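Asker: Sharing run-v2.cif here; it has mmCIF, C-alpha atoms.
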```cif
data_run
#
loop_
_atom_site.group_PDB
_atom_site.id
_atom_site.type_symbol
_atom_site.label_atom_id
_atom_site.label_comp_id
_atom_site.auth_asym_id
_atom_site.auth_seq_id
_atom_site.Cartn_x
_atom_site.Cartn_y
_atom_site.Cartn_z
ATOM 1 C CA MET Y 1061 -23.748 -59.971 187.641
ATOM 2 C CA SER Y 1062 -21.881 -57.328 185.711
ATOM 3 C CA SER Y 1063 -24.282 -54.520 186.618
ATOM 4 C CA PRO Y 1064 -23.390 -52.102 189.433
ATOM 5 C CA ALA Y 1065 -24.400 -53.099 192.933
ATOM 6 C CA PRO Y 1066 -27.769 -51.758 194.081
ATOM 7 C CA PRO Y 1067 -27.578 -48.801 196.474
ATOM 8 C CA TYR Y 1068 -27.509 -49.437 200.201
ATOM 9 C CA ALA Y 1069 -30.678 -48.849 202.143
ATOM 10 C CA PRO Y 1070 -30.439 -45.914 204.577
ATOM 11 C CA ASN Y 1071 -30.810 -48.181 207.593
ATOM 12 C CA TRP Y 1072 -27.484 -50.048 207.771
ATOM 13 C CA ARG Y 1073 -28.426 -51.130 211.289
ATOM 14 C CA ARG Y 1074 -31.115 -53.359 209.803
ATOM 15 C CA GLY Y 1075 -28.514 -55.158 207.699
ATOM 16 C CA ILE Y 1076 -26.221 -55.718 210.686
ATOM 17 C CA ALA Y 1077 -29.120 -56.860 212.875
ATOM 18 C CA LEU Y 1078 -30.341 -59.330 210.235
ATOM 19 C CA SER Y 1079 -26.811 -60.667 209.745
ATOM 20 C CA LEU Y 1080 -26.442 -61.163 213.507
ATOM 21 C CA GLY Y 1081 -29.822 -62.892 213.569
ATOM 22 C CA SER Y 1082 -28.671 -65.122 210.729
ATOM 23 C CA ALA Y 1083 -25.545 -66.021 212.717
ATOM 24 C CA ALA Y 1084 -27.623 -66.791 215.826
ATOM 25 C CA PHE Y 1085 -29.933 -69.154 213.922
ATOM 26 C CA ALA Y 1086 -26.894 -70.662 212.192
ATOM 27 C CA ALA Y 1087 -25.637 -71.596 215.666
ATOM 28 C CA VAL Y 1088 -28.892 -73.466 216.352
ATOM 29 C CA PHE Y 1089 -28.506 -75.118 212.952
ATOM 30 C CA LEU Y 1090 -24.934 -76.226 213.717
ATOM 31 C CA VAL Y 1091 -25.905 -77.837 217.024
ATOM 32 C CA SER Y 1092 -28.943 -79.694 215.665
ATOM 33 C CA TYR Y 1093 -27.249 -80.681 212.371
ATOM 34 C CA LYS Y 1094 -24.264 -82.117 214.248
ATOM 35 C CA ALA Y 1095 -26.598 -84.113 216.496
ATOM 36 C CA ALA Y 1096 -28.528 -85.498 213.526
ATOM 37 C CA SER Y 1097 -25.352 -86.456 211.636
ATOM 38 C CA ARG Y 1098 -23.855 -88.544 214.431
ATOM 39 C CA ALA Y 1099 -25.818 -91.705 213.583
ATOM 40 C CA ALA Y 1100 -26.942 -91.193 209.982
ATOM 41 C CA PRO Y 1101 -25.310 -90.821 206.549
ATOM 42 C CA THR Y 1102 -24.466 -87.228 205.718
ATOM 43 C CA HIS Y 1103 -26.260 -87.342 202.357
ATOM 44 C CA ALA Y 1104 -29.471 -88.537 204.041
ATOM 45 C CA VAL Y 1105 -29.345 -85.748 206.622
ATOM 46 C CA VAL Y 1106 -28.644 -83.108 203.950
ATOM 47 C CA LEU Y 1107 -31.535 -84.247 201.740
ATOM 48 C CA ALA Y 1108 -33.973 -84.504 204.658
ATOM 49 C CA MET Y 1109 -32.882 -81.112 205.977
ATOM 50 C CA LEU Y 1110 -33.287 -79.375 202.620
ATOM 51 C CA ALA Y 1111 -36.673 -81.064 202.137
ATOM 52 C CA GLY Y 1112 -37.833 -79.805 205.534
ATOM 53 C CA ALA Y 1113 -36.598 -76.305 204.745
ATOM 54 C CA LEU Y 1114 -38.433 -76.512 201.418
ATOM 55 C CA VAL Y 1115 -41.741 -77.182 203.175
ATOM 56 C CA PHE Y 1116 -41.236 -74.250 205.555
ATOM 57 C CA ASN Y 1117 -40.102 -71.875 202.805
ATOM 58 C CA LEU Y 1118 -42.712 -72.916 200.243
ATOM 59 C CA ALA Y 1119 -45.511 -72.422 202.760
ATOM 60 C CA THR Y 1120 -44.154 -68.966 203.583
ATOM 61 C CA ALA Y 1121 -43.782 -68.059 199.903
ATOM 62 C CA LEU Y 1122 -47.322 -69.145 199.047
ATOM 63 C CA TRP Y 1123 -48.759 -67.294 202.060
ATOM 64 C CA GLN Y 1124 -46.807 -64.149 201.237
ATOM 65 C CA SER Y 1125 -47.728 -64.132 197.543
ATOM 66 C CA ARG Y 1126 -51.320 -65.303 198.109
ATOM 67 C CA GLY Y 1127 -50.646 -68.197 195.743
ATOM 68 C CA ARG Y 1128 -49.291 -66.029 192.898
ATOM 69 C CA VAL Y 1129 -45.803 -67.338 192.089
ATOM 70 C CA ARG Y 1130 -43.353 -64.971 190.390
ATOM 71 C CA LEU Y 1131 -41.507 -66.750 187.543
ATOM 72 C CA ASP Y 1132 -39.674 -64.052 185.591
ATOM 73 C CA ARG Y 1133 -36.322 -64.733 183.934
ATOM 74 C CA VAL Y 1134 -34.177 -63.159 186.669
ATOM 75 C CA THR Y 1135 -35.963 -65.108 189.410
ATOM 76 C CA LEU Y 1136 -35.607 -68.436 187.594
ATOM 77 C CA ALA Y 1137 -31.955 -67.860 186.705
ATOM 78 C CA THR Y 1138 -31.133 -66.827 190.273
ATOM 79 C CA ALA Y 1139 -32.921 -69.833 191.784
ATOM 80 C CA ALA Y 1140 -31.171 -72.222 189.378
ATOM 81 C CA ALA Y 1141 -27.738 -70.753 190.141
ATOM 82 C CA LEU Y 1142 -28.319 -70.857 193.909
ATOM 83 C CA ALA Y 1143 -29.616 -74.444 193.711
ATOM 84 C CA LEU Y 1144 -26.531 -75.583 191.786
ATOM 85 C CA LEU Y 1145 -24.236 -73.866 194.289
ATOM 86 C CA THR Y 1146 -26.199 -75.406 197.188
ATOM 87 C CA ILE Y 1147 -25.582 -78.891 195.773
ATOM 88 C CA THR Y 1148 -21.906 -78.343 194.977
ATOM 89 C CA GLY Y 1149 -21.317 -76.683 198.359
ATOM 90 C CA ASN Y 1150 -22.878 -79.501 200.373
ATOM 91 C CA TYR Y 1151 -21.152 -82.182 198.280
ATOM 92 C CA GLY Y 1152 -17.776 -80.501 198.670
ATOM 93 C CA MET Y 1153 -18.351 -80.153 202.400
ATOM 94 C CA SER Y 1154 -19.117 -83.856 202.817
ATOM 95 C CA ARG Y 1155 -16.014 -84.840 200.826
ATOM 96 C CA ALA Y 1156 -13.818 -82.446 202.802
ATOM 97 C CA LEU Y 1157 -15.134 -83.792 206.120
ATOM 98 C CA SER Y 1158 -14.252 -87.326 205.010
ATOM 99 C CA LEU Y 1159 -10.600 -86.280 204.608
ATOM 100 C CA LEU Y 1160 -10.071 -83.534 207.185
ATOM 101 C CA ASP Y 1161 -10.792 -82.769 210.816
ATOM 102 C CA ALA Y 1162 -14.113 -80.934 211.215
ATOM 103 C CA GLY Y 1163 -12.375 -77.939 212.816
ATOM 104 C CA VAL Y 1164 -9.880 -77.643 209.975
ATOM 105 C CA THR Y 1165 -12.674 -77.960 207.422
ATOM 106 C CA SER Y 1166 -14.786 -75.240 209.036
ATOM 107 C CA ALA Y 1167 -11.778 -72.907 209.217
ATOM 108 C CA LEU Y 1168 -10.934 -73.460 205.550
ATOM 109 C CA VAL Y 1169 -14.539 -72.900 204.478
ATOM 110 C CA GLN Y 1170 -14.445 -69.462 206.091
ATOM 111 C CA SER Y 1171 -11.981 -68.429 203.384
ATOM 112 C CA GLN Y 1172 -15.186 -67.564 201.553
ATOM 113 C CA LEU Y 1173 -14.852 -64.210 203.307
ATOM 114 C CA LEU Y 1174 -11.994 -63.430 200.924
ATOM 115 C CA ILE Y 1175 -13.899 -64.873 197.960
ATOM 116 C CA VAL Y 1176 -16.943 -62.734 198.718
ATOM 117 C CA ALA Y 1177 -14.826 -59.584 198.981
ATOM 118 C CA ALA Y 1178 -13.040 -60.326 195.685
ATOM 119 C CA LEU Y 1179 -16.181 -61.256 193.705
ATOM 120 C CA SER Y 1180 -18.123 -58.302 195.117
ATOM 121 C CA TRP Y 1181 -15.341 -55.956 193.988
ATOM 122 C CA ILE Y 1182 -15.043 -57.508 190.507
ATOM 123 C CA PHE Y 1183 -18.722 -57.963 189.650
ATOM 124 C CA LEU Y 1184 -20.603 -55.487 191.833
ATOM 125 C CA GLY Y 1185 -18.131 -52.675 192.426
ATOM 126 C CA ASP Y 1186 -18.389 -53.141 196.219
ATOM 127 C CA ARG Y 1187 -14.904 -52.228 197.419
ATOM 128 C CA VAL Y 1188 -13.713 -52.907 200.947
ATOM 129 C CA SER Y 1189 -11.704 -50.491 203.075
ATOM 130 C CA ALA Y 1190 -8.426 -51.034 204.909
ATOM 131 C CA ARG Y 1191 -10.351 -51.074 208.186
ATOM 132 C CA TYR Y 1192 -12.566 -53.849 206.836
ATOM 133 C CA GLY Y 1193 -9.473 -55.823 205.792
ATOM 134 C CA ILE Y 1194 -7.943 -55.490 209.268
ATOM 135 C CA GLY Y 1195 -11.200 -56.505 210.929
ATOM 136 C CA ALA Y 1196 -11.596 -59.502 208.613
ATOM 137 C CA ALA Y 1197 -8.036 -60.651 209.351
ATOM 138 C CA ILE Y 1198 -8.626 -60.397 213.121
ATOM 139 C CA ALA Y 1199 -11.946 -62.266 212.900
ATOM 140 C CA LEU Y 1200 -10.489 -65.020 210.699
ATOM 141 C CA GLY Y 1201 -7.600 -65.325 213.139
ATOM 142 C CA GLY Y 1202 -10.068 -65.827 215.965
ATOM 143 C CA PHE Y 1203 -11.900 -68.484 213.975
ATOM 144 C CA VAL Y 1204 -8.648 -70.327 213.238
ATOM 145 C CA ILE Y 1205 -7.637 -70.235 216.936
ATOM 146 C CA MET Y 1206 -10.952 -71.879 217.846
ATOM 147 C CA ARG Y 1207 -11.042 -74.482 215.102
ATOM 148 C CA ILE Y 1208 -7.525 -75.651 214.258
ATOM 149 C CA PRO Y 1209 -6.535 -78.570 216.532
ATOM 150 C CA LEU Y 1210 -3.333 -78.301 218.597
ATOM 151 C CA GLY Y 1211 -0.800 -80.943 219.554
ATOM 152 C CA ASP Y 1212 -0.368 -84.213 217.678
ATOM 153 C CA SER Y 1213 -2.756 -84.091 214.755
ATOM 154 C CA PRO Y 1214 -2.810 -85.966 211.453
ATOM 155 C CA PRO Y 1215 -1.123 -84.274 208.474
ATOM 156 C CA ILE Y 1216 -3.328 -82.056 206.359
ATOM 157 C CA ASP Y 1217 -4.674 -83.916 203.328
ATOM 158 C CA MET Y 1218 -4.289 -81.573 200.348
ATOM 159 C CA ALA Y 1219 -7.176 -83.291 198.552
ATOM 160 C CA GLY Y 1220 -9.313 -82.406 201.555
ATOM 161 C CA VAL Y 1221 -8.136 -78.804 201.339
ATOM 162 C CA GLY Y 1222 -9.184 -78.738 197.690
ATOM 163 C CA TRP Y 1223 -12.611 -80.115 198.527
ATOM 164 C CA ALA Y 1224 -13.006 -77.552 201.331
ATOM 165 C CA MET Y 1225 -12.530 -74.804 198.750
ATOM 166 C CA VAL Y 1226 -15.630 -76.049 196.913
ATOM 167 C CA PRO Y 1227 -18.128 -75.035 199.655
ATOM 168 C CA SER Y 1228 -16.068 -71.895 200.268
ATOM 169 C CA ALA Y 1229 -16.448 -70.809 196.638
ATOM 170 C CA SER Y 1230 -20.032 -72.084 196.343
ATOM 171 C CA PHE Y 1231 -21.445 -70.426 199.463
ATOM 172 C CA GLY Y 1232 -19.477 -67.241 198.833
ATOM 173 C CA SER Y 1233 -20.805 -67.011 195.275
ATOM 174 C CA MET Y 1234 -24.358 -67.460 196.569
ATOM 175 C CA LEU Y 1235 -24.005 -64.303 198.632
ATOM 176 C CA VAL Y 1236 -22.609 -62.251 195.755
ATOM 177 C CA ILE Y 1237 -25.293 -63.422 193.317
ATOM 178 C CA THR Y 1238 -28.018 -62.607 195.818
ATOM 179 C CA ARG Y 1239 -26.541 -59.163 196.462
ATOM 180 C CA GLY Y 1240 -26.563 -58.466 192.733
ATOM 181 C CA VAL Y 1241 -30.299 -59.150 192.328
ATOM 182 C CA VAL Y 1242 -31.537 -58.410 195.846
ATOM 183 C CA HIS Y 1243 -33.787 -55.533 194.745
ATOM 184 C CA ARG Y 1244 -35.085 -57.312 191.632
ATOM 185 C CA VAL Y 1245 -36.466 -60.594 192.974
ATOM 186 C CA ASP Y 1246 -38.822 -61.950 195.629
ATOM 187 C CA LEU Y 1247 -36.279 -63.342 198.083
ATOM 188 C CA VAL Y 1248 -38.653 -65.776 199.789
ATOM 189 C CA GLY Y 1249 -39.778 -67.113 196.408
ATOM 190 C CA VAL Y 1250 -36.209 -67.442 195.149
ATOM 191 C CA ASN Y 1251 -35.178 -69.372 198.251
ATOM 192 C CA ALA Y 1252 -38.187 -71.682 197.841
ATOM 193 C CA MET Y 1253 -37.349 -72.374 194.181
ATOM 194 C CA ARG Y 1254 -33.695 -72.895 195.095
ATOM 195 C CA LEU Y 1255 -34.718 -75.573 197.569
ATOM 196 C CA VAL Y 1256 -37.160 -77.220 195.123
ATOM 197 C CA LEU Y 1257 -34.426 -77.635 192.518
ATOM 198 C CA ALA Y 1258 -31.826 -78.779 195.057
ATOM 199 C CA VAL Y 1259 -34.137 -81.341 196.694
ATOM 200 C CA VAL Y 1260 -35.252 -82.799 193.348
ATOM 201 C CA ALA Y 1261 -31.655 -83.100 192.129
ATOM 202 C CA LEU Y 1262 -30.465 -84.795 195.335
ATOM 203 C CA ALA Y 1263 -33.500 -87.094 195.520
ATOM 204 C CA LEU Y 1264 -32.714 -88.396 192.021
ATOM 205 C CA VAL Y 1265 -29.348 -89.731 193.201
ATOM 206 C CA PRO Y 1266 -29.845 -93.500 193.725
ATOM 207 C CA GLY Y 1267 -30.246 -94.399 197.390
ATOM 208 C CA HIS Y 1268 -30.434 -90.849 198.745
ATOM 209 C CA ALA Y 1269 -34.219 -90.676 199.111
ATOM 210 C CA ALA Y 1270 -34.444 -94.158 200.659
ATOM 211 C CA ASP Y 1271 -31.743 -93.334 203.206
ATOM 212 C CA ALA Y 1272 -33.464 -90.063 204.107
ATOM 213 C CA LEU Y 1273 -36.811 -91.776 204.612
ATOM 214 C CA ALA Y 1274 -35.114 -94.372 206.842
ATOM 215 C CA LEU Y 1275 -34.128 -91.784 209.448
ATOM 216 C CA GLU Y 1276 -35.440 -92.427 212.961
ATOM 217 C CA PRO Y 1277 -38.140 -90.119 214.439
ATOM 218 C CA ALA Y 1278 -35.628 -88.571 216.853
ATOM 219 C CA GLN Y 1279 -33.288 -87.860 213.952
ATOM 220 C CA TRP Y 1280 -36.131 -86.289 211.982
ATOM 221 C CA ALA Y 1281 -36.827 -83.971 214.908
ATOM 222 C CA GLN Y 1282 -33.187 -82.841 214.902
ATOM 223 C CA VAL Y 1283 -33.189 -82.531 211.110
ATOM 224 C CA LEU Y 1284 -36.338 -80.410 211.070
ATOM 225 C CA LEU Y 1285 -34.904 -78.100 213.729
ATOM 226 C CA ALA Y 1286 -31.762 -77.745 211.604
ATOM 227 C CA ALA Y 1287 -33.919 -77.128 208.517
ATOM 228 C CA ALA Y 1288 -35.949 -74.397 210.182
ATOM 229 C CA ALA Y 1289 -32.916 -72.674 211.712
ATOM 230 C CA GLY Y 1290 -30.481 -72.973 208.792
ATOM 231 C CA PRO Y 1291 -31.664 -73.118 205.157
ATOM 232 C CA PHE Y 1292 -34.936 -71.389 206.091
ATOM 233 C CA VAL Y 1293 -34.644 -68.661 208.747
ATOM 234 C CA SER Y 1294 -30.880 -68.073 208.733
ATOM 235 C CA ARG Y 1295 -30.653 -68.019 204.930
ATOM 236 C CA LEU Y 1296 -33.621 -65.661 204.522
ATOM 237 C CA MET Y 1297 -32.302 -63.262 207.166
ATOM 238 C CA LEU Y 1298 -28.957 -63.222 205.378
ATOM 239 C CA MET Y 1299 -30.627 -62.565 202.026
ATOM 240 C CA PHE Y 1300 -32.704 -59.692 203.397
ATOM 241 C CA ALA Y 1301 -29.601 -58.235 205.089
ATOM 242 C CA LEU Y 1302 -28.113 -57.744 201.625
ATOM 243 C CA ARG Y 1303 -30.698 -55.066 200.908
ATOM 244 C CA SER Y 1304 -28.960 -52.845 203.450
ATOM 245 C CA ILE Y 1305 -25.273 -53.814 203.563
ATOM 246 C CA SER Y 1306 -22.716 -55.342 201.227
ATOM 247 C CA ALA Y 1307 -22.148 -59.077 200.901
ATOM 248 C CA SER Y 1308 -18.667 -58.617 202.396
ATOM 249 C CA HIS Y 1309 -19.970 -56.916 205.545
ATOM 250 C CA SER Y 1310 -22.804 -59.400 205.938
ATOM 251 C CA LYS Y 1311 -20.483 -62.395 205.598
ATOM 252 C CA LEU Y 1312 -18.065 -60.916 208.140
ATOM 253 C CA VAL Y 1313 -20.848 -60.453 210.699
ATOM 254 C CA THR Y 1314 -21.989 -64.075 210.269
ATOM 255 C CA LEU Y 1315 -18.566 -65.229 211.504
ATOM 256 C CA THR Y 1316 -20.068 -64.672 214.956
ATOM 257 C CA ALA Y 1317 -22.069 -67.930 214.600
ATOM 258 C CA PRO Y 1318 -19.615 -69.937 216.770
ATOM 259 C CA VAL Y 1319 -19.867 -67.272 219.475
ATOM 260 C CA PHE Y 1320 -23.640 -67.745 219.525
ATOM 261 C CA ALA Y 1321 -23.090 -71.524 219.545
ATOM 262 C CA PHE Y 1322 -20.916 -71.272 222.661
ATOM 263 C CA ALA Y 1323 -23.541 -69.075 224.332
ATOM 264 C CA LEU Y 1324 -26.251 -71.577 223.385
ATOM 265 C CA GLY Y 1325 -24.184 -74.456 224.745
ATOM 266 C CA PHE Y 1326 -23.690 -72.617 228.031
ATOM 267 C CA LEU Y 1327 -27.370 -71.695 228.411
ATOM 268 C CA VAL Y 1328 -28.781 -75.089 227.406
ATOM 269 C CA PHE Y 1329 -26.121 -77.584 228.482
ATOM 270 C CA GLY Y 1330 -24.037 -75.582 230.984
ATOM 271 C CA THR Y 1331 -20.941 -76.082 228.819
ATOM 272 C CA ILE Y 1332 -18.185 -73.583 229.587
ATOM 273 C CA PRO Y 1333 -16.052 -72.528 226.572
ATOM 274 C CA SER Y 1334 -12.346 -73.345 226.773
ATOM 275 C CA ALA Y 1335 -9.682 -70.651 226.951
ATOM 276 C CA ARG Y 1336 -9.031 -71.038 223.206
ATOM 277 C CA GLU Y 1337 -12.718 -70.733 222.418
ATOM 278 C CA ALA Y 1338 -13.050 -67.648 224.611
ATOM 279 C CA LEU Y 1339 -9.988 -66.017 223.013
ATOM 280 C CA GLY Y 1340 -11.200 -66.873 219.521
ATOM 281 C CA SER Y 1341 -14.649 -65.487 220.290
ATOM 282 C CA ALA Y 1342 -13.162 -62.246 221.593
ATOM 283 C CA LEU Y 1343 -11.079 -61.829 218.435
ATOM 284 C CA ILE Y 1344 -14.081 -62.527 216.204
ATOM 285 C CA ILE Y 1345 -16.156 -59.923 218.010
ATOM 286 C CA ALA Y 1346 -13.308 -57.392 217.820
ATOM 287 C CA GLY Y 1347 -12.810 -58.070 214.117
ATOM 288 C CA VAL Y 1348 -16.518 -57.630 213.370
ATOM 289 C CA VAL Y 1349 -16.897 -54.466 215.452
ATOM 290 C CA LEU Y 1350 -14.140 -52.602 213.575
ATOM 291 C CA PRO Y 1351 -15.879 -52.399 210.160
ATOM 292 C CA VAL Y 1352 -19.303 -51.966 211.787
ATOM 293 C CA LEU Y 1353 -18.041 -48.841 213.546
ATOM 294 C CA GLU Y 1354 -16.783 -47.647 210.172
ATOM 295 C CA LEU Y 1355 -20.270 -48.123 208.713
ATOM 296 C CA ALA Y 1356 -21.734 -46.099 211.570
ATOM 297 C CA ARG Y 1357 -19.185 -43.326 211.037
ATOM 298 C CA ASP Y 1358 -19.829 -43.180 207.283
ATOM 299 C CA ALA Y 1359 -23.598 -43.093 207.845
ATOM 300 C CA ALA Y 1360 -23.232 -40.168 210.273
ATOM 301 C CA ARG Y 1361 -21.318 -38.022 207.791
ATOM 302 C CA PRO Y 1362 -23.304 -35.171 206.207
ATOM 303 C CA LYS Y 1363 -24.424 -36.088 202.700
#
```
Can I see the file as structure tokens?

Answerer:
Amino acid sequence: MSSPAPPYAPNWRRGIALSLGSAAFAAVFLVSYKAASRAAPTHAVVLAMLAGALVFNLATALWQSRGRVRLDRVTLATAAALALLTITGNYGMSRALSLLDAGVTSALVQSQLLIVAALSWIFLGDRVSARYGIGAAIALGGFVIMRIPLGDSPPIDMAGVGWAMVPSASFGSMLVITRGVVHRVDLVGVNAMRLVLAVVALALVPGHAADALALEPAQWAQVLLAAAAGPFVSRLMLMFALRSISASHSKLVTLTAPVFAFALGFLVFGTIPSAREALGSALIIAGVVLPVLELARDAARPK
């Protein structure tokens, strides 16, 4: 990861569009994952979801490569690192949720925006501008407004805060690693190998596989929808976005996932967002637009 970051592709719009698509599918993932987790152990849902995503991704990888699997050193090392971070991220998330409110946990996990910016600067030489920093602060503020509970709420458990930093660091590092090798590996193949390693490791934990297999048919339907939308489509779109824009910009754009979730809830269930949710959504959109306009301005400058 010490090598300079690969050059941006000329079409920055593709990177923004893919990041927005990733956020939209992440919204579908959030809704279906939450539904599946209501009546089943978290570890069972996570294992079943990753296994479903593995089937989707492996089939795509084999179709794309015509059965010829690429197993060079960079691909294997990347897949192993991403698999380890997938496991630590999901484990940290489950521990954090056992100690903190879900809204607080999700807000804390978004601190990965700062982690991505710092790691990208240190390891890839991807610096962020003042305009990006302002936009990120506005977007994070919007996310906090939506997620942090008001009124009488239990005190924040500092152990839970520590556990929430685990998925923040894990998922943020995944983006930076991918950005560093994005032009050197087969992204679909890497994601498939990542899922193979993660599923095998989780299935070896006593009781996990049995609990996953015990899920009800309705839960499996929700899990498979979450698998297709999240670790498969959303993750691949995010990975391909990194061929055109930096990890910092891509991560910032994906903060729009809750906005898509509110839109999905309105279209499917007729749920109207609260005033806080509407304000938070507006701030997120404003915070994302600021650095995107900067990208457009920089791209329009004569070379």

Asker: Tell me which residues the PyMOL selection byres ((chain Y and resi 1262) around 12) grabs here, as a PyMOL selection string.

Answerer: chain Y and resi 1103-1111+1143-1144+1146-1148+1150-1151+1255-1261+1263-1272

Asker: Taking the file as I've supplied it (selection: the PyMOL selection byres ((chain Y and resi 1188) around 10)), which residues are included? Please answer as a PyMOL selection string.

Answerer: chain Y and resi 1177-1178+1180-1181+1185-1187+1189-1193+1306+1308-1309+1351

Asker: Skip Val1293 of chain Y itself and residues of its chain fewer than 2 positions away, then list as a PyMOL selection string all residues within 12 Å of it, counting only C-alpha atoms.

Answerer: chain Y and resi 1078-1079+1081-1089+1113-1114+1116-1117+1120+1248+1251-1252+1285-1291+1295-1300

Asker: How would you write as number ranges by chain the residues that get within 12 Å of (-18.5, -50.2, 214.3) in the file's frame, counting only C-alpha atoms?

Answerer: Y: 1072-1073, 1076, 1191-1192, 1195, 1309, 1313, 1345-1360

Asker: Taking the file above as input, evaluate the PyMOL selection byres ((chain Y and resi 1225-1236) around 9) and report the hits as a PyMOL selection string.

Answerer: chain Y and resi 1061+1141-1142+1144-1153+1156+1168-1177+1179-1180+1183-1184+1220-1224+1237-1241+1298-1299+1302+1306-1308+1310-1311

Asker: Would you mind exporting C-alpha atoms of the selected residues as a compact mmCIF listing (two decimals), in the frame of the given file?

Answerer:
```
# COMPACT_ATOMS: atom_id res chain seq x y z
CA MET Y 1061 -23.75 -59.97 187.64
CA ALA Y 1141 -27.74 -70.75 190.14
CA LEU Y 1142 -28.32 -70.86 193.91
CA LEU Y 1144 -26.53 -75.58 191.79
CA LEU Y 1145 -24.24 -73.87 194.29
CA THR Y 1146 -26.20 -75.41 197.19
CA ILE Y 1147 -25.58 -78.89 195.77
CA THR Y 1148 -21.91 -78.34 194.98
CA GLY Y 1149 -21.32 -76.68 198.36
CA ASN Y 1150 -22.88 -79.50 200.37
CA TYR Y 1151 -21.15 -82.18 198.28
CA GLY Y 1152 -17.78 -80.50 198.67
CA MET Y 1153 -18.35 -80.15 202.40
CA ALA Y 1156 -13.82 -82.45 202.80
CA LEU Y 1168 -10.93 -73.46 205.55
CA VAL Y 1169 -14.54 -72.90 204.48
CA GLN Y 1170 -14.44 -69.46 206.09
CA SER Y 1171 -11.98 -68.43 203.38
CA GLN Y 1172 -15.19 -67.56 201.55
CA LEU Y 1173 -14.85 -64.21 203.31
CA LEU Y 1174 -11.99 -63.43 200.92
CA ILE Y 1175 -13.90 -64.87 197.96
CA VAL Y 1176 -16.94 -62.73 198.72
CA ALA Y 1177 -14.83 -59.58 198.98
CA LEU Y 1179 -16.18 -61.26 193.70
CA SER Y 1180 -18.12 -58.30 195.12
CA PHE Y 1183 -18.72 -57.96 189.65
CA LEU Y 1184 -20.60 -55.49 191.83
CA GLY Y 1220 -9.31 -82.41 201.56
CA VAL Y 1221 -8.14 -78.80 201.34
CA GLY Y 1222 -9.18 -78.74 197.69
CA TRP Y 1223 -12.61 -80.11 198.53
CA ALA Y 1224 -13.01 -77.55 201.33
CA ILE Y 1237 -25.29 -63.42 193.32
CA THR Y 1238 -28.02 -62.61 195.82
CA ARG Y 1239 -26.54 -59.16 196.46
CA GLY Y 1240 -26.56 -58.47 192.73
CA VAL Y 1241 -30.30 -59.15 192.33
CA LEU Y 1298 -28.96 -63.22 205.38
CA MET Y 1299 -30.63 -62.56 202.03
CA LEU Y 1302 -28.11 -57.74 201.62
CA SER Y 1306 -22.72 -55.34 201.23
CA ALA Y 1307 -22.15 -59.08 200.90
CA SER Y 1308 -18.67 -58.62 202.40
CA SER Y 1310 -22.80 -59.40 205.94
CA LYS Y 1311 -20.48 -62.40 205.60
```

Asker: Between atom CA of Val1204 of chain Y and atom CA of Ala1323 of chain Y, measure the distance and give it in Å to one decimal.

Answerer: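 These atoms are spaced 18.6 Å apart.
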
Asker: Residues within 10 Å of Arg1207 of chain Y, please, as a ChimeraX atom specification. Count all atoms listed in the file; anything in the same chain fewer than 3 positions from it doesn't count.

Answerer: /Y:1161-1168,1201-1204,1210,1318,1336-1337,1340

Asker: Any chance you can output those residues with C-alpha atoms as a short mmCIF file (atom, residue, chain, number, x, y, z; two decimals), keeping the file's coordinate frame?

Answerer:
```
data_model
loop_
_atom_site.label_atom_id
_atom_site.label_comp_id
_atom_site.auth_asym_id
_atom_site.auth_seq_id
_atom_site.Cartn_x
_atom_site.Cartn_y
_atom_site.Cartn_z
CA ASP Y 1161 -10.79 -82.77 210.82
CA ALA Y 1162 -14.11 -80.93 211.22
CA GLY Y 1163 -12.38 -77.94 212.82
CA VAL Y 1164 -9.88 -77.64 209.98
CA THR Y 1165 -12.67 -77.96 207.42
CA SER Y 1166 -14.79 -75.24 209.04
CA ALA Y 1167 -11.78 -72.91 209.22
CA LEU Y 1168 -10.93 -73.46 205.55
CA GLY Y 1201 -7.60 -65.32 213.14
CA GLY Y 1202 -10.07 -65.83 215.96
CA PHE Y 1203 -11.90 -68.48 213.98
CA VAL Y 1204 -8.65 -70.33 213.24
CA LEU Y 1210 -3.33 -78.30 218.60
CA PRO Y 1318 -19.61 -69.94 216.77
CA ARG Y 1336 -9.03 -71.04 223.21
CA GLU Y 1337 -12.72 -70.73 222.42
CA GLY Y 1340 -11.20 -66.87 219.52
#
```

Asker: Near segment 1134-1136 of chain Y, counting all atoms listed in the file, which residues have an atom at most 9 Å away, once you skip same-chain residues fewer than 4 positions from it, shown as a list in words?

Answerer: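 Final neighbour list, sorted by chain and number: Arg1130, Ala1140, Ala1141, Val1241, Arg1244, Val1245, Asp1246, Leu1247, Gly1249, Val1250, Met1253 and Arg1254 of chain Y.
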
Asker: Using C-alpha atoms, can you export the residues from the last selection as a tab-separated table (two decimals), in the coordinates of the input?

Answerer:
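Output (again-v9.tsv):
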```
chain	number	residue	atom	x	y	z
Y	1130	ARG	CA	-43.35	-64.97	190.39
Y	1140	ALA	CA	-31.17	-72.22	189.38
Y	1141	ALA	CA	-27.74	-70.75	190.14
Y	1241	VAL	CA	-30.30	-59.15	192.33
Y	1244	ARG	CA	-35.08	-57.31	191.63
Y	1245	VAL	CA	-36.47	-60.59	192.97
Y	1246	ASP	CA	-38.82	-61.95	195.63
Y	1247	LEU	CA	-36.28	-63.34	198.08
Y	1249	GLY	CA	-39.78	-67.11	196.41
Y	1250	VAL	CA	-36.21	-67.44	195.15
Y	1253	MET	CA	-37.35	-72.37	194.18
Y	1254	ARG	CA	-33.70	-72.90	195.10
```

Asker: Which residue, Y:Ala1095, Y:Ala1197, Y:Ala1317, Y:Leu1131, has the smallest gap to Leu1284 of chain Y when you use all atoms listed in the file?

Answerer: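 Answer, going by the shortest atom-to-atom distance: Y:Ala1095.
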